[in-house]
Every structure is written in structure tokens, then in C-alpha cells.
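One file, query_13.txt, carrying compact mmCIF, C-alpha atoms and all ligand atoms:
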# COMPACT_ATOMS: atom_id res chain seq x y z
CA MET J 1 227.34 187.26 114.77
CA PHE J 2 225.02 184.84 113.09
CA ASP J 3 225.93 181.22 113.77
CA PHE J 4 225.11 179.06 110.75
CA MET J 5 224.58 175.97 112.86
CA ASP J 6 222.53 177.66 115.58
CA MET J 7 219.06 177.30 114.19
CA GLY J 8 217.26 175.86 117.16
CA TYR J 9 216.68 172.67 115.24
CA ASP J 10 215.14 170.00 117.40
CA GLU J 11 216.06 166.46 116.30
CA SER J 12 212.82 165.17 117.77
CA SER J 13 210.99 167.28 115.21
CA ALA J 14 212.89 165.76 112.28
CA PRO J 15 210.64 164.85 109.37
CA ILE J 16 208.66 161.67 109.83
CA ALA J 17 207.77 160.35 106.40
CA SER J 18 204.14 159.59 107.02
CA GLY J 19 203.04 160.93 103.64
CA PRO J 20 204.32 160.06 100.18
CA TYR J 21 208.11 160.06 99.88
CA ILE J 22 209.22 163.38 98.44
CA PRO J 23 212.87 163.20 97.51
CA ASP J 24 215.12 165.95 98.80
CA ALA J 25 212.97 167.94 101.26
CA GLY J 26 214.06 165.73 104.16
CA GLU J 27 217.56 165.22 102.79
CA CYS J 28 218.96 168.59 103.82
CA MET J 29 221.99 168.03 106.08
CA ARG J 30 221.65 171.50 107.58
CA CYS J 31 225.27 172.16 106.65
CA GLY J 32 224.54 175.85 105.99
CA LEU J 33 226.55 176.10 102.77
CA CYS J 34 223.54 177.63 101.06
CA VAL J 35 223.02 180.41 103.60
CA SER J 36 225.34 183.07 102.24
CA SER J 37 224.06 182.54 98.68
CA CYS J 38 220.53 183.46 99.70
CA PRO J 39 219.42 187.04 98.93
CA THR J 40 216.84 187.09 101.71
CA PHE J 41 219.47 186.08 104.25
CA ARG J 42 221.53 188.97 102.98
CA LEU J 43 218.59 191.29 103.60
CA PHE J 44 217.35 190.01 106.95
CA GLN J 45 220.36 188.20 108.51
CA VAL J 46 218.13 185.75 110.36
CA ASP J 47 218.02 181.98 110.05
CA GLU J 48 214.30 181.98 109.21
CA GLU J 49 215.28 183.65 105.94
CA THR J 50 217.67 180.92 104.82
CA PRO J 51 217.13 178.06 102.35
CA ARG J 52 217.70 175.38 104.98
CA ARG J 53 215.06 176.79 107.31
CA ARG J 54 212.65 177.03 104.38
CA LEU J 55 213.42 173.42 103.58
CA ARG J 56 212.24 172.51 107.07
CA THR J 57 208.95 174.20 106.24
CA LEU J 58 208.79 172.50 102.84
CA SER J 59 209.45 169.18 104.53
CA LYS J 60 206.62 169.88 106.97
CA ILE J 61 204.25 170.52 104.08
CA LEU J 62 205.36 167.80 101.70
CA VAL J 63 206.67 165.00 103.90
CA GLU J 64 204.98 165.38 107.28
CA ASN J 65 201.74 166.77 105.92
CA GLN J 66 201.65 169.22 108.81
CA PRO J 67 200.09 172.70 108.81
CA VAL J 68 202.53 175.61 108.80
CA SER J 69 202.27 178.73 110.93
CA SER J 70 201.61 182.11 109.34
CA GLU J 71 205.15 183.08 110.30
CA GLU J 72 206.62 180.06 108.50
CA GLN J 73 204.39 180.80 105.54
CA SER J 74 205.56 184.38 105.39
CA HIS J 75 209.26 183.35 105.45
CA LEU J 76 208.50 180.87 102.69
CA ASP J 77 206.74 183.57 100.67
CA ASN J 78 209.78 185.83 101.01
CA CYS J 79 211.77 183.40 98.87
CA LEU J 80 212.57 184.82 95.43
CA GLN J 81 212.88 181.37 93.88
CA CYS J 82 216.25 182.42 92.50
CA ARG J 83 217.58 178.89 93.11
CA ALA J 84 221.06 180.11 94.03
CA CYS J 85 220.84 177.68 96.95
CA GLU J 86 220.59 174.70 94.57
CA THR J 87 223.91 175.49 92.94
CA VAL J 88 225.90 175.27 96.18
CA CYS J 89 224.06 172.45 97.94
CA PRO J 90 226.19 169.30 98.40
CA SER J 91 223.01 167.22 98.78
CA ARG J 92 221.74 168.64 95.47
CA VAL J 93 218.43 169.49 97.07
CA ASN J 94 215.94 170.22 94.34
CA TYR J 95 214.69 173.37 96.01
CA GLY J 96 212.78 174.94 93.08
CA GLU J 97 210.66 171.90 92.41
CA LEU J 98 209.93 171.35 96.10
CA PHE J 99 208.88 174.95 96.44
CA ASP J 100 206.46 174.67 93.51
CA GLN J 101 205.04 171.41 94.88
CA ALA J 102 204.49 172.94 98.30
CA ARG J 103 202.81 176.03 96.88
CA MET J 104 200.51 173.79 94.87
CA GLN J 105 199.71 171.69 97.93
CA LEU J 106 198.90 174.78 99.99
CA GLN J 107 196.32 175.73 97.35
CA VAL J 108 197.03 179.42 97.63
CA LYS J 109 194.02 181.41 96.44
CA PRO J 110 194.93 184.58 94.53
CA GLY J 111 193.29 187.92 95.41
CA TRP J 112 191.48 190.00 92.78
CA LEU J 113 194.71 191.47 91.49
CA GLY J 114 196.32 188.05 91.23
CA LYS J 115 193.27 186.76 89.38
CA LEU J 116 193.47 189.67 86.93
CA ALA J 117 197.18 189.03 86.39
CA PHE J 118 196.62 185.31 85.79
CA SER J 119 193.80 186.07 83.34
CA LEU J 120 195.98 188.54 81.48
CA ILE J 121 198.76 186.01 81.25
CA GLU J 122 196.45 183.20 80.14
CA ARG J 123 194.25 185.04 77.69
CA LYS J 124 195.81 186.57 74.63
CA ARG J 125 192.50 188.14 73.59
CA LEU J 126 192.20 189.98 76.90
CA ARG J 127 195.75 191.23 76.53
CA SER J 128 195.06 192.47 73.04
CA LEU J 129 192.09 194.44 74.41
CA LEU J 130 193.76 195.92 77.50
CA ILE J 131 197.23 196.67 76.20
CA PRO J 132 196.07 199.23 73.59
CA LEU J 133 194.09 200.92 76.39
CA PHE J 134 197.25 201.06 78.49
CA ALA J 135 199.10 202.60 75.52
CA VAL J 136 196.39 205.26 75.21
CA TYR J 137 196.62 205.95 78.95
CA LEU J 138 200.42 206.47 78.66
CA LYS J 139 199.90 208.90 75.78
CA SER J 140 197.04 210.78 77.42
CA GLY J 141 199.08 212.64 80.02
CA LEU J 142 196.87 211.19 82.75
CA GLN J 143 199.77 209.34 84.35
CA LYS J 144 200.99 212.13 86.63
CA PRO J 145 197.58 213.31 87.91
CA LEU J 146 196.40 209.74 88.48
CA ARG J 147 199.56 208.89 90.45
CA LYS J 148 198.97 211.97 92.59
CA THR J 149 195.51 210.78 93.61
CA GLY J 150 197.06 207.73 95.30
CA LEU J 151 194.44 205.52 93.67
CA LEU J 152 197.03 203.32 91.97
CA THR J 153 198.75 202.72 95.31
CA LYS J 154 195.42 201.88 96.95
CA LEU J 155 194.67 199.37 94.21
CA HIS J 156 198.22 197.91 94.49
CA LEU J 157 198.81 198.85 90.86
CA ALA J 158 201.43 201.56 91.38
CA GLU J 159 204.43 199.19 91.16
CA ALA J 160 203.27 197.56 87.96
CA GLU J 161 202.31 200.86 86.38
CA GLY J 162 205.69 202.39 87.25
CA LEU J 163 207.62 199.51 85.70
CA MET J 164 205.83 199.16 82.39
CA GLY J 165 207.18 201.04 79.41
CA LYS J 166 205.38 201.80 76.18
CA PRO J 167 203.86 198.59 74.79
CA ALA J 168 203.81 197.42 71.19
CA VAL J 169 200.16 196.96 70.34
CA GLU J 170 200.37 195.34 66.90
CA ALA J 171 200.78 191.60 66.70
CA LEU J 172 203.99 190.19 65.31
CA ALA J 173 203.83 188.57 61.86
CA GLU J 174 203.68 184.77 61.75
CA ARG J 175 206.65 184.46 59.39
CA TYR J 176 209.81 186.49 58.87
CA PRO J 177 211.61 185.25 55.73
CA THR J 178 215.31 185.78 55.33
CA SER J 179 216.77 187.69 52.40
CA ALA J 180 220.15 186.01 52.94
CA THR J 181 220.94 182.53 51.58
CA LYS J 182 218.49 180.35 53.51
CA ARG J 183 220.06 177.93 55.99
CA GLY J 184 216.92 176.80 57.77
CA GLN J 185 213.80 177.65 59.70
CA VAL J 186 213.38 178.31 63.42
CA ALA J 187 210.49 179.22 65.72
CA LEU J 188 210.52 182.06 68.21
CA PHE J 189 208.93 181.89 71.64
CA THR J 190 207.79 185.42 72.46
CA GLY J 191 206.49 185.23 76.04
CA CYS J 192 203.18 186.79 77.08
CA ILE J 193 204.06 190.17 78.55
CA ALA J 194 207.40 190.42 76.74
CA GLU J 195 205.58 190.10 73.42
CA HIS J 196 204.24 193.61 74.00
CA PHE J 197 206.72 195.17 76.41
CA ASP J 198 210.00 193.77 75.07
CA ARG J 199 209.34 194.02 71.36
CA GLU J 200 212.78 195.57 70.91
CA THR J 201 214.49 192.30 71.89
CA LEU J 202 212.17 190.14 69.79
CA LEU J 203 212.77 192.29 66.70
CA ALA J 204 216.52 192.24 67.32
CA ALA J 205 216.36 188.44 67.53
CA ILE J 206 214.42 188.19 64.26
CA ARG J 207 216.79 190.59 62.54
CA LEU J 208 219.87 188.65 63.62
CA LEU J 209 218.35 185.29 62.71
CA ASN J 210 217.33 186.59 59.27
CA GLU J 211 220.81 188.05 58.81
CA ILE J 212 222.48 184.67 59.40
CA GLY J 213 220.08 182.92 57.00
CA TYR J 214 217.18 181.68 59.15
CA GLU J 215 213.52 182.15 58.41
CA VAL J 216 211.66 182.84 61.66
CA LEU J 217 208.20 181.51 62.49
CA VAL J 218 206.24 183.20 65.28
CA PRO J 219 203.14 181.05 65.85
CA SER J 220 200.28 183.21 67.08
CA GLN J 221 198.69 180.33 69.05
CA GLN J 222 201.63 180.15 71.46
CA GLY J 223 201.03 181.38 75.00
CA CYS J 224 202.67 182.16 78.30
CA CYS J 225 205.36 179.69 79.44
CA GLY J 226 203.46 179.12 82.71
CA ALA J 227 206.25 180.18 85.09
CA ILE J 228 204.20 182.77 87.00
CA HIS J 229 201.41 180.22 87.49
CA GLN J 230 203.68 177.39 88.54
CA HIS J 231 205.74 179.43 90.98
CA ASN J 232 202.58 180.79 92.60
CA GLY J 233 200.78 177.52 93.24
CA GLN J 234 198.49 177.67 90.20
CA ALA J 235 198.10 174.92 87.62
CA ALA J 236 200.20 175.61 84.55
CA SER J 237 199.35 172.43 82.65
CA VAL J 238 196.99 174.07 80.14
CA LEU J 239 199.65 176.60 79.18
CA ILE J 240 202.34 173.92 79.03
CA ASP J 241 200.23 171.55 76.90
CA ASN J 242 199.35 174.35 74.50
CA ASN J 243 202.96 175.41 73.90
CA ILE J 244 204.13 171.84 73.42
CA LYS J 245 201.35 171.24 70.89
CA VAL J 246 201.90 174.50 68.99
CA PHE J 247 205.69 174.23 68.68
CA ASN J 248 205.81 170.47 68.08
CA ALA J 249 203.54 170.95 65.07
CA LEU J 250 206.15 173.13 63.33
CA ASN J 251 208.80 171.88 60.97
CA VAL J 252 211.68 173.85 62.46
CA GLU J 253 215.29 173.24 63.42
CA ALA J 254 214.96 174.93 66.81
CA VAL J 255 212.52 176.66 69.16
CA LEU J 256 214.27 179.75 70.48
CA HIS J 257 213.57 181.80 73.59
CA THR J 258 214.99 185.24 74.29
CA SER J 259 214.14 185.68 77.97
CA THR J 260 215.93 183.35 80.37
CA ALA J 261 213.10 183.12 82.94
CA CYS J 262 210.75 181.80 80.24
CA GLY J 263 213.57 179.62 78.91
CA ALA J 264 214.17 178.10 82.33
CA MET J 265 210.50 177.21 82.65
CA LEU J 266 210.31 175.82 79.09
CA SER J 267 213.41 173.70 79.74
CA GLU J 268 211.75 172.10 82.76
CA TYR J 269 208.38 171.32 81.18
CA LYS J 270 206.75 168.12 82.34
CA ASN J 271 203.77 166.52 80.67
CA VAL J 272 201.92 163.21 80.74
CA ASP J 273 203.16 162.59 77.21
CA ASP J 274 206.90 162.03 77.66
CA GLY J 275 207.50 161.76 73.91
CA ALA J 276 205.95 165.17 73.26
CA VAL J 277 208.04 166.82 76.00
CA GLN J 278 211.15 165.15 74.64
CA LEU J 279 210.56 166.46 71.13
CA PHE J 280 209.82 169.94 72.50
CA GLN J 281 212.97 170.02 74.61
CA GLN J 282 215.24 168.53 71.97
CA ARG J 283 214.64 171.56 69.79
CA LEU J 284 214.50 174.15 72.57
CA CYS J 285 217.47 176.51 72.62
CA ASP J 286 218.43 179.81 74.17
CA ILE J 287 218.86 182.41 71.42
CA ASN J 288 222.31 183.43 72.69
CA ASP J 289 223.50 179.82 72.35
CA PHE J 290 221.91 179.41 68.93
CA LEU J 291 223.40 182.58 67.47
CA LEU J 292 226.83 181.80 68.83
CA GLN J 293 226.75 178.25 67.43
CA HIS J 294 225.49 179.38 64.02
CA TRP J 295 227.42 182.63 63.63
CA PRO J 296 228.82 182.76 60.06
CA ASP J 297 232.60 183.22 59.82
CA ASP J 298 232.19 186.05 57.35
CA LEU J 299 229.65 188.13 59.32
CA GLN J 300 231.41 191.21 60.64
CA LEU J 301 229.85 193.73 63.04
CA LYS J 302 230.71 197.40 63.39
CA SER J 303 233.39 197.89 66.04
CA ASP J 304 232.68 200.03 69.07
CA GLN J 305 234.56 201.21 72.14
CA VAL J 306 232.15 201.17 75.04
CA ASN J 307 232.15 199.59 78.49
CA ILE J 308 229.61 196.81 78.84
CA ALA J 309 228.66 195.16 82.13
CA VAL J 310 226.92 191.80 81.97
CA HIS J 311 224.15 191.10 84.44
CA GLU J 312 223.61 187.35 84.70
CA PRO J 313 219.98 186.62 85.64
CA CYS J 314 219.39 183.85 88.21
CA SER J 315 217.47 181.83 85.62
CA GLN J 316 220.53 181.96 83.38
CA ARG J 317 223.15 181.29 86.08
CA ASN J 318 221.31 178.74 88.16
CA ILE J 319 219.04 176.90 85.72
CA LEU J 320 220.09 177.32 82.08
CA LYS J 321 223.75 177.71 83.10
CA ASN J 322 224.67 179.32 79.79
CA SER J 323 226.02 182.76 80.74
CA ALA J 324 229.16 182.03 78.69
CA ALA J 325 227.17 182.37 75.44
CA VAL J 326 226.52 186.06 76.17
CA TYR J 327 230.22 186.78 76.56
CA GLY J 328 230.94 184.80 73.38
CA LEU J 329 228.40 186.83 71.41
CA LEU J 330 229.64 190.17 72.74
CA GLN J 331 233.12 189.29 71.48
CA LYS J 332 231.71 189.55 67.96
CA VAL J 333 231.78 193.35 68.37
CA GLN J 334 235.42 194.38 68.21
CA GLY J 335 236.53 196.96 70.76
CA LEU J 336 233.93 196.36 73.48
CA ASN J 337 235.25 196.30 77.01
CA VAL J 338 233.09 193.61 78.61
CA VAL J 339 233.05 193.03 82.35
CA THR J 340 230.98 190.79 84.60
CA LEU J 341 228.83 192.76 86.99
CA ALA J 342 230.12 192.22 90.53
CA ASP J 343 227.93 190.11 92.84
CA ASN J 344 226.11 188.53 89.90
CA SER J 345 225.30 185.50 92.04
CA ILE J 346 222.88 187.54 94.14
CA CYS J 347 219.40 188.08 92.73
CA CYS J 348 218.49 191.63 91.61
CA GLY J 349 215.09 191.34 93.31
CA ALA J 350 212.92 191.03 90.19
CA GLY J 351 212.01 187.36 90.73
CA GLY J 352 209.11 187.19 88.24
CA SER J 353 206.05 188.50 90.06
CA TYR J 354 208.09 188.99 93.27
CA MET J 355 208.88 192.59 92.29
CA LEU J 356 205.16 193.28 92.60
CA SER J 357 204.15 190.98 95.45
CA HIS J 358 207.16 191.83 97.68
CA SER J 359 208.05 195.26 96.40
CA GLN J 360 209.87 196.32 99.57
CA ASN J 361 212.32 193.39 99.62
CA ALA J 362 212.66 193.59 95.85
CA GLY J 363 213.38 197.33 96.04
CA GLN J 364 216.17 196.79 98.58
CA LEU J 365 217.84 194.15 96.42
CA ARG J 366 217.49 196.39 93.38
CA ALA J 367 219.13 199.28 95.24
CA LEU J 368 222.13 197.02 96.02
CA LYS J 369 222.37 195.98 92.37
CA GLN J 370 222.02 199.53 91.09
CA GLN J 371 224.80 200.63 93.40
CA ILE J 372 227.00 197.95 91.82
CA ILE J 373 225.97 199.11 88.34
CA THR J 374 226.97 202.67 89.21
CA GLU J 375 230.33 201.49 90.59
CA SER J 376 230.99 199.47 87.42
CA SER J 377 231.10 202.69 85.33
CA ALA J 378 229.52 200.74 82.49
CA ASP J 379 228.10 202.62 79.51
CA VAL J 380 225.63 199.82 78.90
CA VAL J 381 224.35 196.98 81.09
CA VAL J 382 223.03 193.88 79.34
CA SER J 383 220.73 191.22 80.76
CA SER J 384 219.15 188.25 78.99
CA ASN J 385 216.03 188.31 81.12
CA PHE J 386 213.28 190.78 80.33
CA GLY J 387 212.01 190.93 83.94
CA CYS J 388 215.44 191.83 85.34
CA ALA J 389 216.12 194.35 82.56
CA MET J 390 212.79 196.08 83.15
CA PHE J 391 213.28 196.10 86.92
CA LEU J 392 216.85 197.45 86.78
CA THR J 393 216.19 200.15 84.19
CA ASN J 394 216.03 203.59 85.73
CA ASP J 395 216.53 207.23 84.76
CA GLU J 396 220.29 206.70 84.77
CA GLY J 397 220.25 203.96 82.19
CA LYS J 398 218.31 201.35 80.35
CA VAL J 399 219.30 197.72 80.76
CA VAL J 400 219.05 195.97 77.39
CA HIS J 401 219.16 192.44 76.07
CA PRO J 402 222.57 191.59 74.56
CA LEU J 403 220.82 190.96 71.22
CA VAL J 404 219.69 194.58 71.06
CA LEU J 405 223.29 195.66 71.39
CA ILE J 406 224.55 193.10 68.87
CA ALA J 407 221.84 193.88 66.30
CA GLY J 408 222.64 197.58 66.68
CA HIS J 409 226.13 196.78 65.34
CA LEU J 410 225.01 195.07 62.15
CA ASP J 411 226.49 196.90 59.19
CA MET J 412 223.40 197.96 57.24
S1 LIG Z 501 223.44 173.46 101.36
FE1 LIG Z 501 221.86 171.87 101.01
S2 LIG Z 501 222.19 170.37 102.60
FE2 LIG Z 501 223.29 172.22 103.23
S3 LIG Z 501 221.81 173.37 104.51
FE3 LIG Z 501 221.57 174.13 102.44
S4 LIG Z 501 219.95 172.89 101.55
FE4 LIG Z 501 220.66 171.80 103.36
S1 LIG Z 502 215.63 180.15 96.05
FE1 LIG Z 502 216.88 181.99 96.42
S2 LIG Z 502 215.70 183.21 97.89
FE2 LIG Z 502 214.81 181.15 97.89
S3 LIG Z 502 215.86 180.08 99.56
FE3 LIG Z 502 217.04 179.64 97.68
S4 LIG Z 502 218.63 181.22 97.61
FE4 LIG Z 502 217.06 181.91 99.09

Would you kindly transcribe this structure into C-alpha cells?
Ligand code: SF4
Ligand code: SF4
Amino acid sequence: MFDFMDMGYDESSAPIASGPYIPDAGECMRCGLCVSSCPTFRLFQVDEETPRRRLRTLSKILVENQPVSSEEQSHLDNCLQCRACETVCPSRVNYGELFDQARMQLQVKPGWLGKLAFSLIERKRLRSLLIPLFAVYLKSGLQKPLRKTGLLTKLHLAEAEGLMGKPAVEALAERYPTSATKRGQVALFTGCIAEHFDRETLLAAIRLLNEIGYEVLVPSQQGCCGAIHQHNGQAASVLIDNNIKVFNALNVEAVLHTSTACGAMLSEYKNVDDGAVQLFQQRLCDINDFLLQHWPDDLQLKSDQVNIAVHEPCSQRNILKNSAAVYGLLQKVQGLNVVTLADNSICCGAGGSYMLSHSQNAGQLRALKQQIITESSADVVVSSNFGCAMFLTNDEGKVVHPLVLIAGHLDM
């Protein structure tokens, strides 16, 4: 059996703070409380795949300024950055931030595919050129024959191609006025990929906001939140600065996000201008929270008798910590039988770009989650993170954002 304390840790190799002091990385007590919360430990059952062993590596990079072996690097790369370890750590080790700092320090150079992905994320114009081409490709019937050639697998594009559904190619409008009595004005953060591939959720959000009396602004100059860049050792400051500038310029009550992974990143923005970040974050709000707080007493939804299972994304459980809002919103539909998906504390494997970069590990975690979904006998599974919903959707069922379900029960 695995012994939590048997990690071959040599006290003589304890971190020597010769570099700048980095809080937390050297403050791990090696208590092991984080081990069972870690999805990679669940997969591999070895100490190298635990948060505390990764913290040793992070400490080596950030505190000792030592090179790391390729083996240490590979165990570090296996991390999904789910941050479940942070929530159980008695030393409150700031694992996510340390991980990002270390990746940045290692100056990881992306391959051609990574470069293409970063360009797509950064450049709206490139997306608006390539996404219609992808839509044409899906319509053309070329999908099956191309898959058969094995070319997509050779180019490492098979995973991404298999996950993507039909994209929305038209841009969203900049303003969605309400026809109800106007209560205020809010802005919607759309995300980069979600803007095209999760249009259903964005339209459900706009519809619900309009219904409760809010005009919705969707500024076209907004861009990616920067999470994929930051978690992969790339500078995200240009993306961060742009979003802060664009949303701070608007006269709105709140800036709302629909996907929790983007929301988690937006909520942790840092910038040289503290005042600008403060203004941005003061108005930032998860859409589930906003709708619940502003739900009118007289707004009734159609009742329904279906079994709903709630998947709680890691970004929602471990960073935003607002899963309760989803359950509160679902209660607005009379008759729903809402249950929490078992084992919600363990990551589904999506992990942002992890589902593409570590497809084997991700696939194993997804299989565990899908088994749990099957056992739940749910008619519908809801998730507030687009990446998880896309990754968990299969032929047996689509995972949808709770807003899609709620908006579908508006009496129109
Ligand atoms: S729970 Fe915290 S202090 Fe304990 S081993 Fe894990 S990271 Fe270290
Ligand atoms: S962030 Fe998640 S995968 Fe990474 S060490 Fe912590 S628990 Fe494990």
C-alpha cells in the first residue's frame, strides 16, 4: 500500500532560499493531506504524481533556482491545475500561482500546434477567418474520410477535431436591449472559443438577463481571458490589459462571465495598475450568482419533472467557490430532482488545454466521470464550465450549462 509519508525526502535537500523568497513553495509540511484529492495520484498511485512532490519541484525551480530533470518536468506537466490540493492544504499553499510562476520561469517554448492555438486565442480576426472554414468542413462530409486517412492523428489535431461541435460563425450583437421594465445594464464576457462553440449558453444568458430587466452589452473588442496562456508559461498581460481596459470603459452594473474557468482567471487578474484591477474585479460576477441575486419574485418558470445531476467544475469548486448558486437557480424550476454528481471533487480531466496535451490521462479521468454520470441515472447533467461540458458530452448525452436548462423553462 502507498505510504503517504514514504516519499524518500532527504532533509539535506530541503530548499535553500538562495534566490528571491517565494512564499509557499518551501512551506509545504509534507503532511500528505492533499494526496488523495489529487486526480493524478488517483490515476498513477505513485508519490511523484502528488501535489507535495510537485511542490518540491516547484521549490527547486522557484526557490533554489535549480534545473529539474526531464522526469520531474514530466510529473509537473501531468498536473491538471485543478487546484483541489489548495482547498485541503493546512499550510494554504498557493499551488496554482506557484505553478504558473514556475512555468513562466522555465520559458516553455510551444510547438507549431501550440503556436497556432495561442494565435487563434489571441487574434479575433484569425478566428473569424478560420472558424467559418471549420464550419464548412463539418458540413462538407469530409470528416469521416479525413479521419480515416490518419492525417489528423499525425498532425495531433484528432482530439481537438473530435471535441468541437458546430460553431456559430456570426458575431454577437454589441447590445441586447430588454423589452421588460429596465433595471440596469450589464456587460457579458464571452470567452474566445466559447464565443463560437458555446453560443447556446451565451444566448441563454442574454435571454435570461433581458427577461429580468437588464440590457446586455457585448463589447466586440474584448478578448480571451488569458488562462490558457498563463497556465502554459506564456505571457498573458496583453490579453489581461485589453479586457480590463475594454470592460472598465463601460457604464455597467456588472461584468458577467458564464464559464467558470474564464471566471476564475478573470477573478485573479493582476496588473501594474491596481486601481484598474480593483474596478474590474468589483464589478465582476459569475452569471449564476447574478441571476440568483436579481431574480424577480414574480418570475415563474415552467415546472418539469426530470432528474438533474450537477457537475461542479474545479474552477467553480476550488477557485470561485460558488457552486451553491447553481443549486439555488435550479430550484426556480419546480419539480426538478437535483442531485450532486458523486465524486465532484475529482477533476473530469478537461483541465483547459490538458484534454488535448495529455489526452490519455484526460481520457481516463473522463471515463471515471462518465461512469459516475451513468450511475446517477440523470436525464440531464449540467456544468457551468464550457470546457468540462464539451469534454463530457458524448453520444449518450449532452452536458449543458445550467442557464440553458433554466432559459428553456421560461414561459414564452
Ligand atoms: S497538504 Fe499542503 S502542506 Fe500538506 S503535503 Fe500537501 S501541500 Fe504540503
Ligand atoms: S492542481 Fe490538481 S492535479 Fe495538480 S497537484 Fe493539485 S490536485 Fe494534483

Expected selection as a PyMOL selection string for ligand LIG 502 (chain Z) within 10 Å, all atoms listed in the file: chain J and resi 34-42+48-55+75-88+95-96+99+314+318+345-347+349+351

Of J:Met164, J:Leu188, J:Cys224, J:Cys285, the one nearest to Phe391 in chain J when counting all atoms listed in the file is J:Met164

Using all atoms listed in the file, the best pick from J:Asp273, J:Asp379, J:Glu268, J:Glu215 as closest to Lys245 in chain J would be J:Asp273

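For the pair CA of Glu396 in chain J and CA of Gly141 in chain J, the interatomic distance is 22.5 Å.
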
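Computed from the coordinates, the CA of Gly408 in chain J to CA of Val169 in chain J distance equals 22.8 Å.
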
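Distance annotation: of J:Arg125, J:Asp286, J:Ile319, J:Ala117, the residue with the minimal separation from Asn94 in chain J is J:Ile319; atom set is only C-alpha atoms.
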
Please supply range 125-133 of chain J, rebuilt with all heavy atoms, as a PDB file, in the coordinates of the input.
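Everything below was put into part-v3.pdb:
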ATOM      1  N   ARG J 125     193.536 187.212  74.061  1.00  0.00           N
ATOM      2  CA  ARG J 125     192.500 188.140  73.590  1.00  0.00           C
ATOM      3  C   ARG J 125     192.313 189.289  74.596  1.00  0.00           C
ATOM      4  O   ARG J 125     192.159 190.444  74.217  1.00  0.00           O
ATOM      5  CB  ARG J 125     191.192 187.383  73.391  1.00  0.00           C
ATOM      6  CG  ARG J 125     190.302 188.076  72.413  1.00  0.00           C
ATOM      7  CD  ARG J 125     189.136 187.253  71.980  1.00  0.00           C
ATOM      8  NE  ARG J 125     189.466 186.317  70.924  1.00  0.00           N
ATOM      9  CZ  ARG J 125     188.607 185.464  70.414  1.00  0.00           C
ATOM     10  NH1 ARG J 125     187.391 185.396  70.882  1.00  0.00           N
ATOM     11  NH2 ARG J 125     188.956 184.660  69.446  1.00  0.00           N
ATOM     12  N   LEU J 126     192.346 188.946  75.875  1.00  0.00           N
ATOM     13  CA  LEU J 126     192.200 189.980  76.900  1.00  0.00           C
ATOM     14  C   LEU J 126     193.375 190.956  76.855  1.00  0.00           C
ATOM     15  O   LEU J 126     193.212 192.171  76.959  1.00  0.00           O
ATOM     16  CB  LEU J 126     192.099 189.305  78.290  1.00  0.00           C
ATOM     17  CG  LEU J 126     191.857 190.216  79.479  1.00  0.00           C
ATOM     18  CD1 LEU J 126     190.510 190.931  79.355  1.00  0.00           C
ATOM     19  CD2 LEU J 126     191.884 189.423  80.796  1.00  0.00           C
ATOM     20  N   ARG J 127     194.566 190.372  76.648  1.00  0.00           N
ATOM     21  CA  ARG J 127     195.750 191.230  76.530  1.00  0.00           C
ATOM     22  C   ARG J 127     195.619 192.164  75.335  1.00  0.00           C
ATOM     23  O   ARG J 127     195.927 193.348  75.423  1.00  0.00           O
ATOM     24  CB  ARG J 127     197.022 190.389  76.331  1.00  0.00           C
ATOM     25  CG  ARG J 127     197.513 189.720  77.574  1.00  0.00           C
ATOM     26  CD  ARG J 127     198.984 189.355  77.470  1.00  0.00           C
ATOM     27  NE  ARG J 127     199.363 188.480  76.386  1.00  0.00           N
ATOM     28  CZ  ARG J 127     199.243 187.164  76.396  1.00  0.00           C
ATOM     29  NH1 ARG J 127     198.757 186.578  77.464  1.00  0.00           N
ATOM     30  NH2 ARG J 127     199.637 186.429  75.376  1.00  0.00           N
ATOM     31  N   SER J 128     195.129 191.607  74.228  1.00  0.00           N
ATOM     32  CA  SER J 128     195.060 192.470  73.040  1.00  0.00           C
ATOM     33  C   SER J 128     193.969 193.532  73.171  1.00  0.00           C
ATOM     34  O   SER J 128     193.953 194.504  72.417  1.00  0.00           O
ATOM     35  CB  SER J 128     194.904 191.649  71.751  1.00  0.00           C
ATOM     36  OG  SER J 128     193.773 190.845  71.855  1.00  0.00           O
ATOM     37  N   LEU J 129     193.080 193.378  74.156  1.00  0.00           N
ATOM     38  CA  LEU J 129     192.090 194.440  74.410  1.00  0.00           C
ATOM     39  C   LEU J 129     192.652 195.482  75.377  1.00  0.00           C
ATOM     40  O   LEU J 129     192.485 196.687  75.183  1.00  0.00           O
ATOM     41  CB  LEU J 129     190.839 193.829  75.065  1.00  0.00           C
ATOM     42  CG  LEU J 129     189.835 193.131  74.148  1.00  0.00           C
ATOM     43  CD1 LEU J 129     188.727 192.492  74.972  1.00  0.00           C
ATOM     44  CD2 LEU J 129     189.230 194.164  73.192  1.00  0.00           C
ATOM     45  N   LEU J 130     193.320 194.995  76.446  1.00  0.00           N
ATOM     46  CA  LEU J 130     193.760 195.920  77.500  1.00  0.00           C
ATOM     47  C   LEU J 130     195.045 196.667  77.185  1.00  0.00           C
ATOM     48  O   LEU J 130     195.215 197.811  77.594  1.00  0.00           O
ATOM     49  CB  LEU J 130     193.914 195.159  78.832  1.00  0.00           C
ATOM     50  CG  LEU J 130     192.608 194.649  79.455  1.00  0.00           C
ATOM     51  CD1 LEU J 130     192.855 194.010  80.804  1.00  0.00           C
ATOM     52  CD2 LEU J 130     191.583 195.787  79.617  1.00  0.00           C
ATOM     53  N   ILE J 131     195.940 196.023  76.441  1.00  0.00           N
ATOM     54  CA  ILE J 131     197.230 196.670  76.200  1.00  0.00           C
ATOM     55  C   ILE J 131     197.095 197.940  75.350  1.00  0.00           C
ATOM     56  O   ILE J 131     197.705 198.963  75.683  1.00  0.00           O
ATOM     57  CB  ILE J 131     198.269 195.648  75.672  1.00  0.00           C
ATOM     58  CG1 ILE J 131     198.694 194.826  76.900  1.00  0.00           C
ATOM     59  CG2 ILE J 131     199.472 196.307  75.004  1.00  0.00           C
ATOM     60  CD1 ILE J 131     199.561 193.674  76.690  1.00  0.00           C
ATOM     61  N   PRO J 132     196.255 197.949  74.300  1.00  0.00           N
ATOM     62  CA  PRO J 132     196.070 199.230  73.590  1.00  0.00           C
ATOM     63  C   PRO J 132     195.495 200.313  74.512  1.00  0.00           C
ATOM     64  O   PRO J 132     195.854 201.492  74.390  1.00  0.00           O
ATOM     65  CB  PRO J 132     195.075 198.886  72.482  1.00  0.00           C
ATOM     66  CG  PRO J 132     195.236 197.417  72.263  1.00  0.00           C
ATOM     67  CD  PRO J 132     195.590 196.839  73.600  1.00  0.00           C
ATOM     68  N   LEU J 133     194.639 199.919  75.452  1.00  0.00           N
ATOM     69  CA  LEU J 133     194.090 200.920  76.390  1.00  0.00           C
ATOM     70  C   LEU J 133     195.200 201.489  77.269  1.00  0.00           C
ATOM     71  O   LEU J 133     195.238 202.682  77.569  1.00  0.00           O
ATOM     72  CB  LEU J 133     193.016 200.272  77.288  1.00  0.00           C
ATOM     73  CG  LEU J 133     191.709 199.868  76.604  1.00  0.00           C
ATOM     74  CD1 LEU J 133     190.744 199.257  77.606  1.00  0.00           C
ATOM     75  CD2 LEU J 133     191.052 201.095  75.957  1.00  0.00           C
TER      76      LEU J 133
END
